[in-house]
Amino acid sequence: MKTALIHDWLTGMRGGEKVLESLCHMFPNADIFTLVHIPGSVSQTIESHRITTSPLQRFPRVRNIYRHLLPLMPWAIERFDLSGYDLILSSSHCVAKGVRVPKGVPHICYCHTPMRYIWDQYDEYFGPQKTSFPLRMAMAMMRPPLKRWDVATSNRVTHYIANSENVLDRIRRFYGRSGDVVYPPVETGLYIPAPSSQSDYYLIVSAFAPYKRVDLAIDVFNKLKKPLMIIGAGQDEQKLKSLAGPHIVFKGWTPTSELVKIYQSCKALIFPGEEDFGIVPVEAMSCGKPVIAFRKGGALETVKEGVTGLLFDEQTVSSLSDAVIRSEATTFDPGTIRQWATRFSKENFVEHMRESLKGQKLSL
């Protein structure tokens, strides 16, 4: 089948891009359509496909401003001409699922989440003290039409595949649709435990977006005076660095080979935000490391309380601090943690994706 893969933007290798990479392996001859592509920012597997970008690609300094082009994204995603394709497969957390599809062509959407910026995490992005007053006012005006567009275009999808039960619930609530659940792929063959490697630092691996709540972890580890290593980058980087005390180290994004060693050596992974699914906790658990996560969202499906980690109830300094202290009095078995993580393997993702697609009478 001549296949088109639709992805919101290609500006770095995060969870959504790891899903796209697996889809590229499943559909090696597929073409990719995306709003913005920063060459060299994603894996060679993705870069090797023919990539078509939208008119937003021509904006000056698009690498730095693409997130601010949200009001134009619905218009831009509808500009793609997908005539001649037999299958449209979108990987969507923003507007990719709204692409216009030729009549009679199946459109399967792997949904990371309905657009979080305008639905249940709106306040995390545009609430008081999160951004400037002019931007808050602009988004207050843009939110209603964006929501209307998002709901209206949900019917352009033939079948939804959600990345978690958590996201499938949102699809039901916001779009009135149902679908299958296929957990994202984790390279459990790459993220493996080390024989006996542990330091005294806790770890965060995250983009620096507001909803990730890296600021909460910084406040906690400033208070506890315990070492915290932070791997990542993003829009809040300078703000977060200004909050950090002497026990906190920022490393930026690191190569995968180094990241594996960092996982292997950490005491535990801190996961303070509410995620749609969350690949990072599974990578840490695949290395045999426990996870301390906020009791909401995807963590409820990936972290097994008392076995592979601990969950805390509120995004407050006291609640997370208590969980960190409790973790130091809890014994975790690396082998058991590792075994739990293998259920989210890349091989299982491919197998379950094929089952879901064949359920739609698609010949693969």
# chains A, B, ... in the order shown; residues from 1 in each chain; ligands from 1
$ residues_around --residues "stretch 4-16 of chain A" --least-positions-apart "5" --cutoff "9 Å" --atoms "only C-alpha atoms" --output "VMD selection string"
chain A and resid 21 23 to 24 27 30 to 43 53 63 66 73 77 82 85 to 97 99 112 184 to 185 206 to 207 278 to 280
$ closest_residue --among "A:Ser199, A:Ser48, A:Thr342, A:Ser321" --to "A:Asn222" --atoms "only C-alpha atoms"
A:Ser321
$ closest_residue --among "A:Ile325, A:Ile46, A:Leu300, A:Ile118" --to "A:Pro145" --atoms "only C-alpha atoms"
A:Ile118
$ closest_residue --among "A:Ala209, A:Leu146, A:Ile108, A:Ile171" --to "A:Tyr125" --atoms "only C-alpha atoms"
A:Ala209
$ select_by_dssp --residues "stretch 133-210 of chain A" --states "strand (DSSP E or B)" --output "PyMOL selection string"
chain A and resi 159-162+179-181+186+202-205
$ write_last_selection --atoms "C-alpha atoms" --output "PDB file, in the first residue's frame"
ATOM      1  CA  HIS A 159      -9.973   4.580  13.247  1.00  0.00           C
ATOM      2  CA  TYR A 160      -8.136   5.771  16.394  1.00  0.00           C
ATOM      3  CA  ILE A 161      -5.284   3.970  18.110  1.00  0.00           C
ATOM      4  CA  ALA A 162      -4.527   5.587  21.486  1.00  0.00           C
ATOM      5  CA  GLY A 179     -10.566   2.919  19.374  1.00  0.00           C
ATOM      6  CA  ASP A 180      -7.771   0.541  20.333  1.00  0.00           C
ATOM      7  CA  VAL A 181      -4.887   1.004  22.762  1.00  0.00           C
ATOM      8  CA  VAL A 186      10.468   1.206  24.209  1.00  0.00           C
ATOM      9  CA  TYR A 202      18.153  11.031  41.366  1.00  0.00           C
ATOM     10  CA  LEU A 203      17.313  11.660  37.725  1.00  0.00           C
ATOM     11  CA  ILE A 204      14.918  13.608  35.508  1.00  0.00           C
ATOM     12  CA  VAL A 205      14.821  13.117  31.727  1.00  0.00           C
TER      13      VAL A 205
END
$ atom_distance --atom1 "atom CA of A:His49" --atom2 "atom CA of A:Ser356"
23.8 Å
